[in-house]
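Peer 1: What follows is the file my_file_13.tsv, containing TSV, C-alpha atoms and all ligand atoms:
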chain	number	residue	atom	x	y	z
A	1	MET	CA	-1.90	5.87	-13.14
A	2	THR	CA	-1.74	2.91	-10.80
A	3	GLN	CA	1.46	0.95	-10.25
A	4	THR	CA	1.32	-2.49	-8.67
A	5	ILE	CA	4.24	-3.41	-6.45
A	6	THR	CA	5.08	-6.71	-4.81
A	7	VAL	CA	5.09	-6.45	-1.01
A	8	ILE	CA	7.02	-8.92	1.14
A	9	ARG	CA	6.22	-8.41	4.83
A	10	GLY	CA	9.19	-10.49	6.03
A	11	ASP	CA	10.19	-11.92	9.41
A	12	GLY	CA	10.74	-10.52	12.91
A	13	ILE	CA	9.94	-6.79	12.96
A	14	GLY	CA	9.25	-6.99	9.20
A	15	PRO	CA	5.42	-7.04	9.33
A	16	GLU	CA	5.34	-4.22	11.91
A	17	ILE	CA	7.49	-1.82	9.87
A	18	MET	CA	5.84	-2.83	6.60
A	19	ASP	CA	2.33	-2.15	7.91
A	20	ALA	CA	3.46	1.27	9.13
A	21	THR	CA	5.14	2.02	5.80
A	22	LEU	CA	2.09	1.05	3.75
A	23	ARG	CA	-0.09	3.27	5.97
A	24	VAL	CA	2.18	6.21	5.20
A	25	LEU	CA	2.20	5.43	1.46
A	26	ASP	CA	-1.60	5.15	1.50
A	27	ALA	CA	-1.86	8.51	3.21
A	28	MET	CA	0.26	9.98	0.41
A	29	ASN	CA	-2.13	8.69	-2.21
A	30	VAL	CA	0.59	7.95	-4.75
A	31	GLY	CA	-1.41	5.40	-6.73
A	32	LEU	CA	0.27	2.22	-5.56
A	33	GLN	CA	-1.45	-1.15	-5.42
A	34	TYR	CA	0.01	-3.92	-3.35
A	35	GLU	CA	0.40	-7.56	-4.31
A	36	PHE	CA	1.41	-9.41	-1.15
A	37	ALA	CA	3.86	-12.29	-1.52
A	38	ASP	CA	5.67	-14.48	0.98
A	39	ALA	CA	9.37	-15.25	1.25
A	40	GLY	CA	11.59	-16.69	3.96
A	41	LEU	CA	10.38	-18.33	7.14
A	42	VAL	CA	6.74	-17.27	6.65
A	43	ALA	CA	6.71	-18.84	3.19
A	44	LEU	CA	8.30	-21.99	4.56
A	45	GLU	CA	5.61	-22.31	7.21
A	46	LYS	CA	2.70	-21.47	4.90
A	47	GLN	CA	3.79	-22.95	1.59
A	48	GLY	CA	6.61	-25.37	2.41
A	49	GLU	CA	9.30	-23.45	0.51
A	50	LEU	CA	11.45	-20.44	1.26
A	51	LEU	CA	11.00	-18.70	-2.07
A	52	PRO	CA	7.73	-19.80	-3.72
A	53	ALA	CA	7.33	-19.62	-7.50
A	54	ALA	CA	4.35	-17.26	-7.06
A	55	THR	CA	6.59	-14.74	-5.28
A	56	LEU	CA	9.18	-14.85	-8.04
A	57	GLU	CA	6.44	-14.47	-10.64
A	58	SER	CA	4.96	-11.49	-8.79
A	59	ILE	CA	8.34	-9.69	-8.76
A	60	ARG	CA	8.96	-10.62	-12.39
A	61	THR	CA	5.61	-9.16	-13.44
A	62	ASN	CA	5.56	-6.04	-11.26
A	63	ARG	CA	9.31	-5.38	-11.58
A	64	ILE	CA	9.21	-3.48	-8.27
A	65	ALA	CA	9.14	-4.95	-4.78
A	66	LEU	CA	9.14	-3.43	-1.31
A	67	LYS	CA	10.61	-5.96	1.07
A	68	SER	CA	10.98	-6.22	4.83
A	69	PRO	CA	13.97	-8.10	6.27
A	70	LEU	CA	14.18	-11.87	6.10
A	71	THR	CA	15.87	-14.20	8.57
A	72	THR	CA	19.09	-15.97	7.58
A	73	PRO	CA	20.25	-18.51	10.18
A	74	VAL	CA	23.77	-17.77	11.46
A	75	GLY	CA	26.52	-20.34	10.74
A	76	GLU	CA	24.15	-23.11	9.66
A	77	GLY	CA	20.80	-23.79	7.98
A	78	PHE	CA	19.43	-22.39	4.73
A	79	SER	CA	21.23	-19.83	2.55
A	80	SER	CA	20.12	-16.21	2.44
A	81	ILE	CA	16.89	-15.53	0.55
A	82	ASN	CA	18.08	-11.95	0.07
A	83	VAL	CA	21.17	-13.18	-1.77
A	84	GLU	CA	18.98	-15.56	-3.79
A	85	LEU	CA	16.61	-12.75	-4.82
A	86	ARG	CA	19.54	-10.56	-5.85
A	87	LYS	CA	20.94	-13.43	-7.93
A	88	ARG	CA	17.61	-14.43	-9.53
A	89	PHE	CA	16.81	-10.92	-10.71
A	90	ASP	CA	20.42	-9.87	-11.30
A	91	LEU	CA	20.00	-6.91	-8.94
A	92	TYR	CA	23.58	-5.85	-9.35
A	93	ALA	CA	23.55	-2.44	-7.67
A	94	ASN	CA	22.93	-2.11	-3.95
A	95	VAL	CA	22.48	1.60	-3.29
A	96	ARG	CA	22.61	2.70	0.33
A	97	PRO	CA	22.45	6.41	1.19
A	98	ALA	CA	23.60	7.66	4.59
A	99	LYS	CA	22.75	11.22	5.53
A	100	SER	CA	22.96	13.09	8.79
A	101	PHE	CA	19.57	13.68	10.35
A	102	PRO	CA	19.03	16.76	12.49
A	103	ASN	CA	18.50	16.25	16.21
A	104	THR	CA	19.26	12.55	16.16
A	105	LYS	CA	21.59	11.15	18.77
A	106	SER	CA	24.50	10.23	16.55
A	107	ARG	CA	28.20	10.88	16.11
A	108	PHE	CA	27.49	13.10	13.12
A	109	PRO	CA	24.18	14.99	13.41
A	110	SER	CA	25.43	17.01	10.43
A	111	GLY	CA	28.02	16.77	7.68
A	112	VAL	CA	27.43	13.24	6.37
A	113	ASP	CA	25.77	12.88	2.99
A	114	LEU	CA	27.11	9.88	1.11
A	115	VAL	CA	25.93	6.88	-0.86
A	116	THR	CA	27.49	3.43	-0.78
A	117	VAL	CA	27.13	1.68	-4.13
A	118	ARG	CA	27.81	-1.97	-3.46
A	119	GLU	CA	28.27	-4.68	-6.07
A	120	ASN	CA	25.51	-7.11	-5.22
A	121	THR	CA	25.96	-10.32	-7.22
A	122	GLU	CA	29.56	-11.55	-6.90
A	123	GLY	CA	32.49	-11.77	-4.51
A	124	ALA	CA	32.90	-13.58	-1.19
A	125	TYR	CA	29.49	-12.43	0.09
A	126	ILE	CA	27.48	-14.70	-2.17
A	127	GLY	CA	29.12	-17.74	-0.60
A	128	GLU	CA	30.01	-19.54	-3.81
A	129	GLY	CA	31.80	-22.86	-3.37
A	130	GLN	CA	31.42	-22.90	0.40
A	131	SER	CA	32.44	-26.16	1.99
A	132	LEU	CA	33.65	-27.60	5.23
A	133	SER	CA	36.00	-30.59	5.34
A	134	GLU	CA	34.64	-33.83	6.77
A	135	ASP	CA	36.56	-33.41	10.01
A	136	GLY	CA	35.16	-29.88	10.36
A	137	GLU	CA	38.66	-28.41	10.59
A	138	THR	CA	38.94	-26.60	7.27
A	139	ALA	CA	36.51	-24.30	5.49
A	140	VAL	CA	36.88	-22.90	2.00
A	141	LEU	CA	35.08	-20.32	-0.08
A	142	GLN	CA	35.52	-19.15	-3.65
A	143	GLN	CA	35.62	-15.49	-4.45
A	144	LYS	CA	34.79	-14.60	-8.01
A	145	VAL	CA	35.04	-11.06	-9.37
A	146	THR	CA	34.46	-10.37	-13.07
A	147	ARG	CA	35.36	-7.49	-15.32
A	148	ARG	CA	31.71	-7.27	-16.43
A	149	GLY	CA	30.41	-7.18	-12.84
A	150	SER	CA	32.98	-4.59	-11.82
A	151	GLU	CA	32.44	-2.45	-14.88
A	152	ARG	CA	28.68	-2.21	-14.55
A	153	ILE	CA	28.73	-1.34	-10.84
A	154	VAL	CA	31.41	1.32	-11.26
A	155	ARG	CA	29.52	2.74	-14.24
A	156	TYR	CA	26.34	2.76	-12.12
A	157	ALA	CA	28.18	4.78	-9.45
A	158	PHE	CA	29.43	7.37	-11.95
A	159	GLU	CA	26.04	7.63	-13.64
A	160	LEU	CA	24.41	8.08	-10.22
A	161	ALA	CA	26.89	10.86	-9.51
A	162	ARG	CA	25.98	12.63	-12.75
A	163	ARG	CA	22.23	12.13	-12.27
A	164	THR	CA	22.16	13.39	-8.72
A	165	GLY	CA	24.77	16.15	-8.98
A	166	ARG	CA	27.34	14.43	-6.83
A	167	LYS	CA	30.96	15.32	-7.43
A	168	LYS	CA	33.21	12.48	-6.34
A	169	VAL	CA	33.43	8.67	-6.51
A	170	THR	CA	35.76	6.81	-4.14
A	171	VAL	CA	36.74	3.32	-5.28
A	172	VAL	CA	37.23	1.14	-2.20
A	173	HIS	CA	39.31	-2.05	-2.54
A	174	LYS	CA	41.96	-4.30	-1.01
A	175	ALA	CA	44.05	-4.69	-4.14
A	176	ASN	CA	47.31	-4.53	-2.20
A	177	ILE	CA	46.58	-7.97	-0.72
A	178	LEU	CA	43.80	-9.48	-2.88
A	179	LYS	CA	45.68	-8.79	-6.07
A	180	SER	CA	43.53	-10.93	-8.35
A	181	THR	CA	39.96	-10.19	-7.22
A	182	SER	CA	40.21	-6.71	-5.73
A	183	GLY	CA	42.96	-5.97	-8.28
A	184	LEU	CA	40.62	-6.69	-11.19
A	185	PHE	CA	37.91	-4.54	-9.59
A	186	LEU	CA	40.33	-1.62	-9.15
A	187	ARG	CA	41.86	-1.85	-12.63
A	188	THR	CA	38.39	-1.98	-14.18
A	189	ALA	CA	37.28	1.00	-12.08
A	190	ARG	CA	40.27	3.04	-13.27
A	191	THR	CA	39.34	2.36	-16.89
A	192	VAL	CA	35.67	3.30	-16.39
A	193	ALA	CA	36.64	6.45	-14.48
A	194	GLN	CA	38.45	7.78	-17.57
A	195	GLU	CA	35.05	8.17	-19.27
A	196	TYR	CA	33.84	10.48	-16.49
A	197	SER	CA	36.32	13.34	-16.40
A	198	ASP	CA	33.60	15.60	-14.95
A	199	ILE	CA	33.51	13.50	-11.74
A	200	GLU	CA	36.45	13.38	-9.36
A	201	CYS	CA	37.64	9.85	-8.62
A	202	ASN	CA	39.94	8.62	-5.88
A	203	GLU	CA	40.95	5.22	-4.51
A	204	MET	CA	41.10	3.98	-0.95
A	205	ILE	CA	42.07	0.69	0.68
A	206	VAL	CA	39.12	-0.64	2.65
A	207	ASP	CA	40.70	-0.62	6.11
A	208	ASN	CA	41.81	2.98	5.74
A	209	CYS	CA	38.35	3.81	4.36
A	210	CYS	CA	36.73	2.54	7.57
A	211	MET	CA	39.00	4.71	9.67
A	212	GLN	CA	38.47	7.74	7.42
A	213	LEU	CA	34.69	7.25	7.61
A	214	VAL	CA	34.78	7.40	11.38
A	215	MET	CA	37.22	10.34	11.53
A	216	ARG	CA	36.18	12.49	8.54
A	217	PRO	CA	33.04	11.19	6.83
A	218	GLU	CA	32.36	14.54	5.14
A	219	GLN	CA	35.14	13.76	2.59
A	220	PHE	CA	32.97	11.03	1.00
A	221	ASP	CA	30.31	11.51	-1.64
A	222	ILE	CA	29.80	8.18	-3.46
A	223	ILE	CA	31.67	5.03	-2.41
A	224	VAL	CA	31.77	2.17	-4.89
A	225	THR	CA	33.02	-1.21	-3.76
A	226	THR	CA	32.67	-4.98	-3.91
A	227	ASN	CA	29.93	-6.95	-2.19
A	228	LEU	CA	31.32	-7.88	1.23
A	229	PHE	CA	33.15	-4.59	1.78
A	230	GLY	CA	29.97	-2.73	0.81
A	231	ASP	CA	27.92	-4.78	3.24
A	232	ILE	CA	30.15	-3.83	6.15
A	233	ILE	CA	30.83	-0.22	5.11
A	234	SER	CA	27.15	0.58	4.67
A	235	ASP	CA	26.32	-0.59	8.22
A	236	LEU	CA	29.26	1.49	9.46
A	237	CYS	CA	27.78	4.50	7.63
A	238	ALA	CA	24.36	3.79	9.16
A	239	GLY	CA	26.06	3.89	12.57
A	240	LEU	CA	27.55	7.30	11.83
A	241	VAL	CA	24.18	8.93	11.27
A	242	GLY	CA	21.91	7.44	13.91
A	243	GLY	CA	21.80	3.70	13.48
A	244	LEU	CA	20.23	0.98	11.41
A	245	GLY	CA	16.71	2.26	12.07
A	246	LEU	CA	17.43	5.12	9.65
A	247	ALA	CA	19.29	3.34	6.81
A	248	PRO	CA	17.51	2.40	3.57
A	249	GLY	CA	18.76	0.36	0.63
A	250	ALA	CA	17.79	-0.33	-2.98
A	251	ASN	CA	18.70	-3.40	-5.00
A	252	ILE	CA	18.63	-2.36	-8.63
A	253	GLY	CA	18.80	-4.48	-11.77
A	254	THR	CA	17.88	-3.94	-15.38
A	255	ASP	CA	14.55	-5.81	-15.17
A	256	ALA	CA	13.57	-5.46	-11.50
A	257	ALA	CA	14.32	-3.54	-8.32
A	258	ILE	CA	13.75	-4.39	-4.67
A	259	PHE	CA	13.65	-1.69	-1.99
A	260	GLU	CA	14.27	-2.41	1.66
A	261	ALA	CA	15.83	-1.36	4.95
A	262	VAL	CA	19.52	-2.09	5.50
A	263	HIS	CA	18.78	-3.66	8.88
A	264	GLY	CA	17.69	-7.20	9.65
A	265	THR	CA	14.74	-8.78	11.42
A	266	ALA	CA	15.78	-7.46	14.87
A	267	PRO	CA	14.59	-10.57	16.75
A	268	ASP	CA	15.43	-8.89	20.08
A	269	ILE	CA	12.57	-6.39	19.66
A	270	ALA	CA	10.20	-8.25	17.31
A	271	GLY	CA	6.52	-8.23	18.28
A	272	GLN	CA	6.96	-5.41	20.79
A	273	GLY	CA	5.72	-2.59	18.55
A	274	LYS	CA	8.84	-0.51	19.08
A	275	ALA	CA	10.72	-0.99	15.81
A	276	ASN	CA	11.69	2.18	13.98
A	277	PRO	CA	9.92	2.21	10.59
A	278	CYS	CA	12.14	4.98	9.08
A	279	ALA	CA	14.63	2.76	7.27
A	280	LEU	CA	11.90	1.03	5.29
A	281	LEU	CA	10.08	4.33	4.78
A	282	LEU	CA	13.25	5.86	3.34
A	283	GLY	CA	13.59	2.72	1.19
A	284	ALA	CA	10.06	3.46	-0.03
A	285	ALA	CA	11.24	6.99	-0.88
A	286	GLN	CA	14.03	5.46	-2.99
A	287	MET	CA	11.31	3.40	-4.68
A	288	LEU	CA	9.27	6.53	-5.46
A	289	ASP	CA	12.39	8.10	-7.03
A	290	HIS	CA	12.83	4.95	-9.11
A	291	LEU	CA	9.16	5.14	-10.15
A	292	ALA	CA	9.78	8.67	-11.47
A	293	MET	CA	7.94	10.33	-8.58
A	294	PRO	CA	10.78	12.49	-7.20
A	295	GLU	CA	8.43	15.10	-5.67
A	296	GLN	CA	6.60	12.41	-3.72
A	297	ALA	CA	9.91	10.87	-2.66
A	298	GLU	CA	11.05	14.24	-1.37
A	299	ARG	CA	7.70	14.82	0.36
A	300	LEU	CA	8.13	11.53	2.22
A	301	ARG	CA	11.76	12.24	3.15
A	302	LYS	CA	10.82	15.72	4.40
A	303	ALA	CA	8.02	14.31	6.57
A	304	VAL	CA	10.45	11.80	8.10
A	305	ILE	CA	13.08	14.51	8.71
A	306	SER	CA	10.66	17.00	10.26
A	307	THR	CA	9.30	14.26	12.56
A	308	LEU	CA	12.87	13.50	13.64
A	309	GLU	CA	13.54	17.21	14.09
A	310	ALA	CA	10.47	17.67	16.26
A	311	LYS	CA	11.40	14.52	18.23
A	312	ASP	CA	7.77	13.57	17.85
A	313	SER	CA	6.91	10.01	18.94
A	314	LEU	CA	10.43	8.70	18.29
A	315	THR	CA	10.99	5.00	18.87
A	316	PRO	CA	13.35	3.84	21.67
A	317	ASP	CA	16.36	3.31	19.35
A	318	LEU	CA	16.25	7.10	18.77
A	319	GLY	CA	15.85	7.87	22.44
A	320	GLY	CA	12.07	8.29	22.47
A	321	SER	CA	9.22	6.30	23.94
A	322	GLY	CA	6.97	6.14	20.86
A	323	THR	CA	5.84	3.01	19.09
A	324	THR	CA	6.12	1.99	15.45
A	325	ASP	CA	2.51	3.07	14.98
A	326	THR	CA	2.63	6.41	16.81
A	327	PHE	CA	5.85	7.27	14.95
A	328	ALA	CA	4.14	6.47	11.64
A	329	ASP	CA	1.14	8.60	12.69
A	330	ALA	CA	3.46	11.52	13.45
A	331	ILE	CA	5.04	11.19	10.00
A	332	ILE	CA	1.60	11.08	8.35
A	333	ARG	CA	0.64	14.32	10.13
A	334	ARG	CA	3.67	16.01	8.54
A	335	LEU	CA	3.20	14.83	4.96
A	401	LIG	P1	19.57	-6.56	12.89
A	401	LIG	O1	19.77	-5.48	11.90
A	401	LIG	O2	18.30	-7.32	12.79
A	401	LIG	O3	19.67	-5.97	14.38
A	401	LIG	C1	20.86	-5.33	14.86
A	401	LIG	C2	20.46	-4.39	16.02
A	401	LIG	O4	19.78	-3.25	15.48
A	401	LIG	C3	19.50	-5.04	17.02
A	401	LIG	O5	19.80	-4.58	18.31
A	401	LIG	C4	18.13	-4.52	16.58
A	401	LIG	O6	17.18	-4.44	17.63
A	401	LIG	C5	18.48	-3.13	16.04
A	401	LIG	N1	17.55	-2.74	14.97
A	401	LIG	C6	17.55	-3.19	13.69
A	401	LIG	N2	16.54	-2.65	13.02
A	401	LIG	C7	15.90	-1.82	13.87
A	401	LIG	C8	14.76	-0.97	13.74
A	401	LIG	N3	14.07	-0.83	12.60
A	401	LIG	N4	14.34	-0.27	14.83
A	401	LIG	C9	15.01	-0.37	15.99
A	401	LIG	N5	16.11	-1.16	16.18
A	401	LIG	C10	16.53	-1.88	15.12
A	401	LIG	O7	20.83	-7.53	12.73
A	401	LIG	P2	21.08	-9.00	13.30
A	401	LIG	O8	20.52	-9.13	14.68
A	401	LIG	O9	22.50	-9.19	13.07
A	401	LIG	O10	20.30	-9.96	12.30
A	401	LIG	C11	19.01	-10.54	12.60
A	401	LIG	C12	18.52	-11.32	11.39
A	401	LIG	O11	18.27	-10.44	10.29
A	401	LIG	C13	19.51	-12.38	10.85
A	401	LIG	O12	18.77	-13.54	10.53
A	401	LIG	C14	20.08	-11.73	9.61
A	401	LIG	O13	20.52	-12.66	8.66
A	401	LIG	C15	18.87	-10.96	9.10
A	401	LIG	N6	19.21	-9.84	8.22
A	401	LIG	C16	18.39	-9.63	7.14
A	401	LIG	C17	18.61	-8.58	6.30
A	401	LIG	C18	17.67	-8.38	5.15
A	401	LIG	O14	16.68	-9.08	5.03
A	401	LIG	N7	17.93	-7.43	4.26
A	401	LIG	C19	19.73	-7.64	6.50
A	401	LIG	C20	20.50	-7.91	7.70
A	401	LIG	C21	20.25	-8.98	8.52
Write the structure described by the file as structure tokens, please.
Peer 2:
Amino acid sequence: MTQTITVIRGDGIGPEIMDATLRVLDAMNVGLQYEFADAGLVALEKQGELLPAATLESIRTNRIALKSPLTTPVGEGFSSINVELRKRFDLYANVRPAKSFPNTKSRFPSGVDLVTVRENTEGAYIGEGQSLSEDGETAVLQQKVTRRGSERIVRYAFELARRTGRKKVTVVHKANILKSTSGLFLRTARTVAQEYSDIECNEMIVDNCCMQLVMRPEQFDIIVTTNLFGDIISDLCAGLVGGLGLAPGANIGTDAAIFEAVHGTAPDIAGQGKANPCALLLGAAQMLDHLAMPEQAERLRKAVISTLEAKDSLTPDLGGSGTTDTFADAIIRRL
């Protein structure tokens, strides 16, 4: 059976890692067809808008998208297209695994195997009610957390634990200080946890969690948290196991799902052919799991891991001198 997916090649290193990823998927012969759609700066240049209607329609129809990173200007300019896509399709669960990879230069070449489940549609991160006073001296931001939003993300985390045989969910919050928003998240999490007596549940304040992750990451299995904390924690976790070049992420909703790398457009290395394609490739593996092709997902992950193990054609971020293309070729040889 053929499945059509929407493909967004993105900005910066996006097209380079996407082309490599599609070559690997083609070599696997998993029956995917690609419908290319533009978003972000490329769409603005070509079609005069950041998120064209045709792109939204493509995702709505195919329900699955593989997306490279998109630029968001820092401190000014247009709002994030990633945030907009998550809002439009109500992609409420951002699922970011972090696992130690053998032979990679990292703080934890073994022992880390955790998943950050980040609420993806509310909280400070979505920038609701942002404004700057006329004199530029005062900035405000609203932070909205709902019981419904908290309940469904915590439930997602526990269901993920059951589905994947994980044993523990850590609820990460700042309810000691943010008593209303983080407090509501924590209270809701405690209620949901009562339905899952087969899964251990503990609570941790976010600052302590960051320290614990750096000191003893092996204690974590699934972390569930609000949007902004999850954004930061998942990059921290990527740093524990070898960097952003190895960290994938899935944005899951009821009607659609978008798979991507955790990292951004890496403007400092764009166009040089040295971007690491693994994060997007591992995002593609998450997509294959979602498409009920777990054996193919595992085949892809194993090929990536054995290429890392053999240190074959690694890109410079992993200490090698390979290129995006030679790295992808090495992975294809190991499929
Ligand atoms: P970044 O993730 O693009 O880069 C951070 C560092 O990691 C850079 O030194 C970069 O060279 C390196 N890096 C990232 N991906 C790599 C890869 N695949 N291979 C080798 N090295 C890699 O973060 P930065 O610089 O903060 O953001 C750049 C742009 O990306 C911004 O406009 C930001 O808004 C956007 N962004 C987009 C995301 C998305 O579309 N999901 C996620 C994060 C950032």
Peer 1: If we count only C-alpha atoms, what is near Glu260 of chain A at a cut-off of 8 Å, once residues fewer than 3 positions away on the same chain are taken out, given as JSON, numbers by chain?
Peer 2: {"A": [66, 67, 68, 69, 248, 249, 250, 279, 280, 283, 284]}
Peer 1: So that each row is one residue of chain A with an atom at most 10 Å from ligand LIG 401 (chain A), can you give its shortest atom pair and the distance in Å to one decimal, using all atoms listed in the file, rows by chain and rising number, as CSV?
Peer 2:
residue,atom,partner,partner_atom,distance
A:Gly10,CA,A:LIG401,O14,7.7
A:Asp11,CA,A:LIG401,O11,8.3
A:Gly12,CA,A:LIG401,C12,8.0
A:Ile13,CA,A:LIG401,N3,7.3
A:Gly14,CA,A:LIG401,N3,8.5
A:Glu16,CA,A:LIG401,N3,9.4
A:Ile17,CA,A:LIG401,N3,7.2
A:Gly40,CA,A:LIG401,O14,9.2
A:Lys67,CA,A:LIG401,O14,7.9
A:Ser68,CA,A:LIG401,O14,6.4
A:Pro69,CA,A:LIG401,O14,3.1
A:Leu70,CA,A:LIG401,O14,3.9
A:Thr71,CA,A:LIG401,O12,3.6
A:Thr72,CA,A:LIG401,O13,3.8
A:Pro73,CA,A:LIG401,O12,5.2
A:Val74,CA,A:LIG401,O12,6.6
A:Gly75,CA,A:LIG401,O13,10.0
A:Ser79,CA,A:LIG401,O13,9.4
A:Ser80,CA,A:LIG401,O13,7.2
A:Ile81,CA,A:LIG401,O14,7.9
A:Asn82,CA,A:LIG401,O14,5.9
A:Val83,CA,A:LIG401,N7,8.9
A:Asp231,CA,A:LIG401,C20,9.2
A:Asp235,CA,A:LIG401,O1,9.0
A:Gly239,CA,A:LIG401,O4,9.9
A:Gly243,CA,A:LIG401,O4,7.5
A:Leu244,CA,A:LIG401,N2,5.4
A:Gly245,CA,A:LIG401,N3,4.1
A:Leu246,CA,A:LIG401,N3,7.4
A:Ala247,CA,A:LIG401,N3,8.8
A:Pro248,CA,A:LIG401,N7,9.9
A:Gly249,CA,A:LIG401,N7,8.6
A:Phe259,CA,A:LIG401,N7,9.5
A:Glu260,CA,A:LIG401,N7,6.7
A:Ala261,CA,A:LIG401,N7,6.5
A:Val262,CA,A:LIG401,C19,5.6
A:His263,CA,A:LIG401,O1,3.7
A:Gly264,CA,A:LIG401,O2,3.2
A:Thr265,CA,A:LIG401,O11,4.1
A:Ala266,CA,A:LIG401,O2,3.3
A:Pro267,CA,A:LIG401,C11,6.1
A:Asp268,CA,A:LIG401,O6,5.4
A:Ile269,CA,A:LIG401,O6,5.4
A:Ala270,CA,A:LIG401,O6,8.0
A:Gly273,CA,A:LIG401,N4,9.7
A:Lys274,CA,A:LIG401,C9,6.9
A:Ala275,CA,A:LIG401,N4,3.8
A:Asn276,CA,A:LIG401,N4,3.7
A:Pro277,CA,A:LIG401,N3,5.5
A:Cys278,CA,A:LIG401,N3,7.1
A:Ala279,CA,A:LIG401,N3,6.5
A:Leu280,CA,A:LIG401,N3,7.8
A:Thr315,CA,A:LIG401,C9,7.3
A:Pro316,CA,A:LIG401,C9,7.3
A:Asp317,CA,A:LIG401,C9,5.2
A:Leu318,CA,A:LIG401,C9,8.1
A:Thr324,CA,A:LIG401,N4,8.5
Peer 1: For the atom pair atom CA of Arg9 of chain A and atom CA of Arg23 of chain A, what is the interatomic distance in Å to one decimal place?
Peer 2: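 Distance between the two atoms: 13.3 Å.
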Peer 1: I'd like the interatomic distance between atom CA of Ala297 of chain A and atom CA of Leu314 of chain A, to a tenth of an Å.
Peer 2: 21.1 Å
Peer 1: Which residues of segment 229-310 of chain A come within 10 Å of segment 172-194 of chain A, and what is each one's closest atom pair and distance in Å (one decimal), counting only C-alpha atoms, sorted by chain and residue number, as a tab-separated table?
Peer 2:
residue	atom	partner	partner_atom	distance
A:Phe229	CA	A:His173	CA	7.9
A:Gly230	CA	A:Val172	CA	8.8
A:Ile233	CA	A:Val172	CA	9.8
Peer 1: In Å, how far is it from atom CA of Ile59 of chain A to atom CA of Leu300 of chain A?
Peer 2: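 We find that atom CA of Ile59 of chain A and atom CA of Leu300 of chain A lie 23.9 Å from each other.
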Peer 1: Give me the residues near Phe101 of chain A as a CSV table (one decimal) with C-alpha atoms, in the coordinates of the input, where near means some atom within 12 Å (using all atoms listed in the file) and where sequence neighbours in that chain fewer than 5 positions away do not count.
Peer 2:
chain,number,residue,atom,x,y,z
A,106,SER,CA,24.5,10.2,16.6
A,107,ARG,CA,28.2,10.9,16.1
A,108,PHE,CA,27.5,13.1,13.1
A,109,PRO,CA,24.2,15.0,13.4
A,110,SER,CA,25.4,17.0,10.4
A,111,GLY,CA,28.0,16.8,7.7
A,112,VAL,CA,27.4,13.2,6.4
A,113,ASP,CA,25.8,12.9,3.0
A,238,ALA,CA,24.4,3.8,9.2
A,239,GLY,CA,26.1,3.9,12.6
A,240,LEU,CA,27.6,7.3,11.8
A,241,VAL,CA,24.2,8.9,11.3
A,242,GLY,CA,21.9,7.4,13.9
A,243,GLY,CA,21.8,3.7,13.5
A,245,GLY,CA,16.7,2.3,12.1
A,246,LEU,CA,17.4,5.1,9.6
A,247,ALA,CA,19.3,3.3,6.8
A,278,CYS,CA,12.1,5.0,9.1
A,301,ARG,CA,11.8,12.2,3.2
A,302,LYS,CA,10.8,15.7,4.4
A,304,VAL,CA,10.4,11.8,8.1
A,305,ILE,CA,13.1,14.5,8.7
A,306,SER,CA,10.7,17.0,10.3
A,307,THR,CA,9.3,14.3,12.6
A,308,LEU,CA,12.9,13.5,13.6
A,309,GLU,CA,13.5,17.2,14.1
A,310,ALA,CA,10.5,17.7,16.3
A,311,LYS,CA,11.4,14.5,18.2
A,318,LEU,CA,16.2,7.1,18.8
Peer 1: Of the candidates A:Gly320, A:Asn62, A:Leu228, A:Gly48, which one gets nearest to Thr4 of chain A if we count all atoms listed in the file?
Peer 2: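 Closest to Thr4 of chain A of all the choices is A:Asn62.
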